[in-house]
>>> print(open('coords09.cif').read())   # mmCIF, C-alpha atoms
data_coords
#
loop_
_atom_site.label_atom_id
_atom_site.label_comp_id
_atom_site.auth_asym_id
_atom_site.auth_seq_id
_atom_site.Cartn_x
_atom_site.Cartn_y
_atom_site.Cartn_z
CA ASP A 22 66.91 46.46 47.85
CA GLY A 23 68.65 49.82 47.80
CA GLY A 24 68.55 51.94 50.87
CA ILE A 25 70.25 53.37 53.90
CA THR A 26 71.17 51.14 56.81
CA GLN A 27 71.82 52.54 60.26
CA SER A 28 73.18 50.48 63.11
CA PRO A 29 72.73 49.77 65.87
CA LYS A 30 69.06 50.55 66.38
CA TYR A 31 69.68 51.24 70.11
CA LEU A 32 72.95 52.33 71.69
CA PHE A 33 73.92 53.15 75.24
CA ARG A 34 76.82 55.38 76.20
CA LYS A 35 78.61 55.60 79.51
CA GLU A 36 79.87 58.90 80.86
CA GLY A 37 83.10 59.98 79.18
CA GLN A 38 82.82 57.42 76.43
CA ASN A 39 82.96 57.99 72.69
CA VAL A 40 80.49 56.01 70.58
CA THR A 41 80.20 55.59 66.83
CA LEU A 42 76.97 55.30 64.88
CA SER A 43 77.11 53.51 61.56
CA CYS A 44 75.44 54.64 58.33
CA GLU A 45 75.80 52.75 55.05
CA GLN A 46 74.02 53.43 51.75
CA ASN A 47 73.94 51.38 48.56
CA LEU A 48 72.12 54.00 46.51
CA ASN A 49 75.31 55.38 45.00
CA HIS A 50 74.37 58.79 46.37
CA ASP A 51 76.95 61.55 46.45
CA ALA A 52 75.96 63.33 49.65
CA MET A 53 75.28 62.10 53.17
CA TYR A 54 73.88 63.87 56.23
CA TRP A 55 73.47 63.39 59.95
CA TYR A 56 70.48 64.88 61.77
CA ARG A 57 69.57 64.81 65.43
CA GLN A 58 65.92 64.50 66.51
CA ASP A 59 64.77 65.45 70.01
CA PRO A 60 61.20 64.96 71.30
CA GLY A 61 58.95 67.85 70.34
CA GLN A 62 61.64 69.41 68.18
CA GLY A 63 62.41 69.25 64.53
CA LEU A 64 65.49 67.69 63.07
CA ARG A 65 68.74 69.59 63.41
CA LEU A 66 71.70 69.14 61.09
CA ILE A 67 74.92 67.92 62.70
CA TYR A 68 77.27 67.33 59.75
CA TYR A 69 77.05 66.73 56.04
CA SER A 70 79.34 65.42 53.36
CA GLN A 71 78.95 66.27 49.69
CA ILE A 72 81.74 63.99 48.45
CA VAL A 73 84.26 61.47 49.75
CA ASN A 74 86.86 62.89 52.15
CA ASP A 75 84.98 66.15 52.50
CA PHE A 76 82.49 67.19 55.17
CA GLN A 77 80.99 70.37 56.58
CA LYS A 78 79.64 71.35 59.98
CA GLY A 79 75.93 71.76 60.36
CA ASP A 80 74.07 73.77 62.96
CA ILE A 81 75.00 71.66 66.01
CA ALA A 82 78.39 70.08 65.22
CA GLU A 83 80.00 70.61 68.64
CA GLY A 84 80.78 67.31 70.33
CA TYR A 85 80.44 65.29 67.13
CA SER A 86 82.76 64.15 64.36
CA VAL A 87 82.27 62.32 61.06
CA SER A 88 84.38 60.62 58.44
CA ARG A 89 83.73 59.85 54.76
CA GLU A 90 86.45 57.53 53.55
CA LYS A 91 84.10 55.67 51.22
CA LYS A 92 81.17 56.94 49.18
CA GLU A 93 78.79 54.46 50.76
CA SER A 94 79.70 55.06 54.40
CA CYS A 95 79.57 58.03 56.76
CA PRO A 96 79.93 57.06 60.44
CA LEU A 97 79.16 59.60 63.17
CA THR A 98 81.13 59.68 66.41
CA VAL A 99 79.50 61.16 69.48
CA THR A 100 82.38 62.27 71.68
CA SER A 101 82.53 62.78 75.43
CA ALA A 102 82.42 66.53 74.71
CA GLN A 103 78.76 66.19 73.76
CA LYS A 104 77.12 66.74 77.14
CA ASN A 105 73.57 65.95 76.13
CA PRO A 106 73.83 63.09 73.64
CA THR A 107 70.52 61.36 74.34
CA ALA A 108 68.54 61.68 71.12
CA PHE A 109 67.38 59.90 67.99
CA TYR A 110 69.99 60.15 65.23
CA LEU A 111 69.01 60.01 61.57
CA CYS A 112 71.32 59.53 58.63
CA ALA A 113 70.22 60.67 55.17
CA SER A 114 71.58 60.74 51.65
CA ARG A 115 70.97 62.74 48.51
CA ARG A 116 71.62 61.54 44.98
CA ASP A 117 73.43 64.60 43.64
CA SER A 118 73.44 68.38 43.50
CA LEU A 119 70.54 68.43 41.01
CA THR A 120 68.06 66.84 43.41
CA GLU A 121 66.73 67.99 46.76
CA LYS A 122 65.03 64.79 47.94
CA LEU A 123 66.61 63.21 51.00
CA PHE A 124 66.45 59.48 51.71
CA PHE A 125 66.54 58.61 55.41
CA GLY A 126 67.67 55.60 57.37
CA SER A 127 65.55 54.18 60.20
CA GLY A 128 67.61 55.85 62.90
CA THR A 129 69.63 55.05 66.02
CA GLN A 130 68.36 55.86 69.51
CA LEU A 131 71.31 56.85 71.73
CA SER A 132 70.88 56.94 75.49
CA VAL A 133 73.26 57.76 78.31
CA LEU A 134 73.67 55.25 81.16
CA GLY B 14 67.76 82.85 59.17
CA ASN B 15 65.28 80.26 57.99
CA SER B 16 62.61 78.90 60.29
CA VAL B 17 59.54 76.67 60.07
CA THR B 18 56.59 76.73 62.46
CA GLN B 19 54.12 73.88 62.52
CA MET B 20 50.77 73.49 64.14
CA GLU B 21 50.99 72.13 67.66
CA GLY B 22 49.99 68.53 68.08
CA PRO B 23 49.06 65.90 68.72
CA VAL B 24 46.16 65.75 66.31
CA THR B 25 43.59 63.00 66.82
CA LEU B 26 40.98 62.27 64.17
CA SER B 27 38.46 59.62 63.29
CA GLU B 28 38.83 57.68 60.06
CA GLU B 29 37.52 59.58 57.00
CA ALA B 30 37.83 62.98 58.71
CA PHE B 31 39.40 65.98 56.96
CA LEU B 32 42.98 66.79 57.91
CA THR B 33 44.79 70.10 57.96
CA ILE B 34 48.25 70.58 59.45
CA ASN B 35 49.38 74.19 59.32
CA CYS B 36 52.91 75.18 58.37
CA THR B 37 54.33 78.66 58.02
CA TYR B 38 57.89 79.63 57.23
CA THR B 39 60.38 82.47 57.34
CA ALA B 40 63.02 82.66 54.65
CA THR B 41 64.65 85.06 52.26
CA GLY B 42 64.26 84.48 48.57
CA TYR B 43 62.36 81.56 47.11
CA PRO B 44 62.97 78.33 49.03
CA SER B 45 61.67 74.89 48.17
CA LEU B 46 59.11 73.47 50.60
CA PHE B 47 58.61 69.87 51.65
CA TRP B 48 56.43 67.62 53.76
CA TYR B 49 58.11 64.52 55.18
CA VAL B 50 56.34 61.73 57.06
CA GLN B 51 57.79 59.46 59.75
CA TYR B 52 55.96 56.23 60.51
CA PRO B 53 56.56 54.57 63.90
CA GLY B 54 60.08 53.19 64.24
CA GLU B 55 61.18 54.39 60.82
CA GLY B 56 63.12 57.23 59.23
CA LEU B 57 61.51 60.08 57.34
CA GLN B 58 60.08 59.73 53.84
CA LEU B 59 59.38 62.55 51.42
CA LEU B 60 55.61 62.94 51.09
CA LEU B 61 55.41 65.88 48.71
CA LYS B 62 57.20 69.04 47.69
CA ALA B 63 56.76 72.36 45.90
CA THR B 64 59.56 74.42 44.44
CA LYS B 65 57.92 77.74 43.57
CA ALA B 66 55.02 79.97 44.50
CA ASP B 67 51.53 78.61 43.72
CA ASP B 68 52.88 75.13 43.05
CA LYS B 69 50.76 72.33 44.51
CA GLY B 70 52.49 69.20 45.71
CA SER B 71 50.40 66.05 45.99
CA ASN B 72 50.89 62.39 46.88
CA LYS B 73 48.77 59.59 48.39
CA GLY B 74 45.76 61.91 48.70
CA PHE B 75 47.74 64.58 50.54
CA GLU B 76 48.09 68.07 49.07
CA ALA B 77 49.90 71.30 49.96
CA THR B 78 50.08 74.59 48.08
CA TYR B 79 53.06 76.94 48.24
CA ARG B 80 51.58 80.30 49.26
CA LYS B 81 54.18 83.02 49.11
CA GLU B 82 51.78 85.80 50.11
CA THR B 83 51.01 84.08 53.42
CA THR B 84 54.37 82.21 53.68
CA SER B 85 52.47 78.99 54.23
CA PHE B 86 52.49 75.38 53.06
CA HIS B 87 49.57 73.73 54.85
CA LEU B 88 49.11 69.97 54.47
CA GLU B 89 45.58 68.67 53.72
CA LYS B 90 43.87 65.37 53.11
CA GLY B 91 40.18 64.96 52.47
CA SER B 92 39.69 61.59 54.18
CA VAL B 93 42.31 60.16 56.52
CA GLN B 94 42.90 56.49 57.19
CA VAL B 95 44.28 54.67 60.22
CA SER B 96 47.42 53.99 58.18
CA ASP B 97 48.07 57.76 57.98
CA SER B 98 48.95 57.79 61.68
CA ALA B 99 52.50 59.15 61.80
CA VAL B 100 54.56 62.25 62.52
CA TYR B 101 54.49 64.90 59.80
CA PHE B 102 57.33 67.37 59.29
CA CYS B 103 57.26 70.53 57.25
CA ALA B 104 60.68 71.50 55.90
CA LEU B 105 62.32 74.28 53.94
CA GLY B 106 65.28 74.20 51.57
CA ASN B 107 67.56 77.18 51.29
CA ALA B 108 66.54 79.85 48.82
CA GLY B 109 68.32 79.87 45.51
CA GLY B 110 67.18 76.40 44.55
CA THR B 111 70.15 74.50 45.92
CA SER B 112 69.75 73.55 49.53
CA TYR B 113 72.61 71.02 49.51
CA GLY B 114 70.28 68.85 51.56
CA LYS B 115 70.46 71.29 54.46
CA LEU B 116 66.82 71.40 55.27
CA THR B 117 65.23 73.41 58.08
CA PHE B 118 62.54 71.30 59.76
CA GLY B 119 59.51 72.20 61.81
CA GLN B 120 59.00 70.47 65.15
CA GLY B 121 56.73 67.78 63.73
CA THR B 122 53.03 67.10 64.26
CA ILE B 123 51.86 63.76 65.60
CA LEU B 124 48.72 62.49 63.85
CA THR B 125 46.67 59.65 65.28
CA VAL B 126 43.70 58.32 63.34
CA HIS B 127 41.15 56.10 65.11
CA PRO B 128 38.88 53.58 63.35
#
>>> encode(input="coords09.cif", output="structure tokens")
Amino acid sequence: DGGITQSPKYLFRKEGQNVTLSCEQNLNHDAMYWYRQDPGQGLRLIYYSQIVNDFQKGDIAEGYSVSREKKESCPLTVTSAQKNPTAFYLCASRRDSLTEKLFFGSGTQLSVL
Amino acid sequence: GNSVTQMEGPVTLSEEAFLTINCTYTATGYPSLFWYVQYPGEGLQLLLKATKADDKGSNKGFEATYRKETTSFHLEKGSVQVSDSAVYFCALGNAGGTSYGKLTFGQGTILTVHP
């Protein structure tokens, strides 16, 4: 089945540690996105990538980084500079520039130890 | 900038009750409007959308009409089921028709339906 796979489902970070969240899609979609979801708040865009080896900052990019070396993969790194990383992280993809529908993964819950 | 305001939750209903979740927006131009649904433990799924004024989006018994005069996109369903229990998000795509996937989301409304 085609879809978006995020791993791990739960992740714990120690103080000062960088962690990487995985996102893989087999939909052959051009664009990929990372959103952060906090309780009682809507989703906020962290980074997005329209094509391989290209990515743009979203509204809350500070303390995060992404890479897009392959079309099907866009991992997100939460660095030690992100002082409030506890949140639910959602990866999404979009087929191409002619469509607006986003397909979402099932998310990763990141918590700080 | 763009913003989306949703009705405060949580909303608790009995099965077969009528559902309305209010959504209003602020944007320049003519954005596309969406409702996404998030079932427990899952990512978001597109429920319905409307791309221009007076358009009605519909899916699975849910409906929403793009009202430019009141800048609203309220979600309705005539008879809810227990399986409709989820979090509902109203979202807006940038005006000009090409949002590049950069949606602006409301804060979400939790819906719980009891048998």
>>> interface_residues(input="coords09.cif", of="chain B", to="chain A", cutoff="6 Å", atoms="all atoms listed in the file", output="ChimeraX atom specification")
/B:55-57,118-121
>>> residues_around(input="coords09.cif", residues="Val40 in chain A", least_positions_apart="6", cutoff="10 Å", atoms="all atoms listed in the file", output="compact mmCIF listing (two decimals) with C-alpha atoms, keeping the file's coordinate frame")
# COMPACT_ATOMS: atom_id res chain seq x y z
CA LEU A 32 72.95 52.33 71.69
CA PHE A 33 73.92 53.15 75.24
CA ARG A 34 76.82 55.38 76.20
CA TYR A 85 80.44 65.29 67.13
CA LEU A 97 79.16 59.60 63.17
CA THR A 98 81.13 59.68 66.41
CA VAL A 99 79.50 61.16 69.48
CA THR A 100 82.38 62.27 71.68
CA SER A 101 82.53 62.78 75.43
CA LEU A 131 71.31 56.85 71.73
>>> atom_distance(input="coords09.cif", atom1="CA of Tyr101 in chain B", atom2="CA of Gln51 in chain B")
6.4 Å
>>> axis_aligned_box(input="coords09.cif", around="range 30-40 of chain A", padding_each_side="8 Å", output="AutoDock Vina command-line options")
--center_x 76.1 --center_y 55.3 --center_z 73.6 --size_x 30.0 --size_y 25.4 --size_z 30.5
>>> closest_residue(input="coords09.cif", among="B:Leu61, B:Ala99, B:Val17, B:Leu116", to="Thr39 in chain B", atoms="all atoms listed in the file")
B:Val17
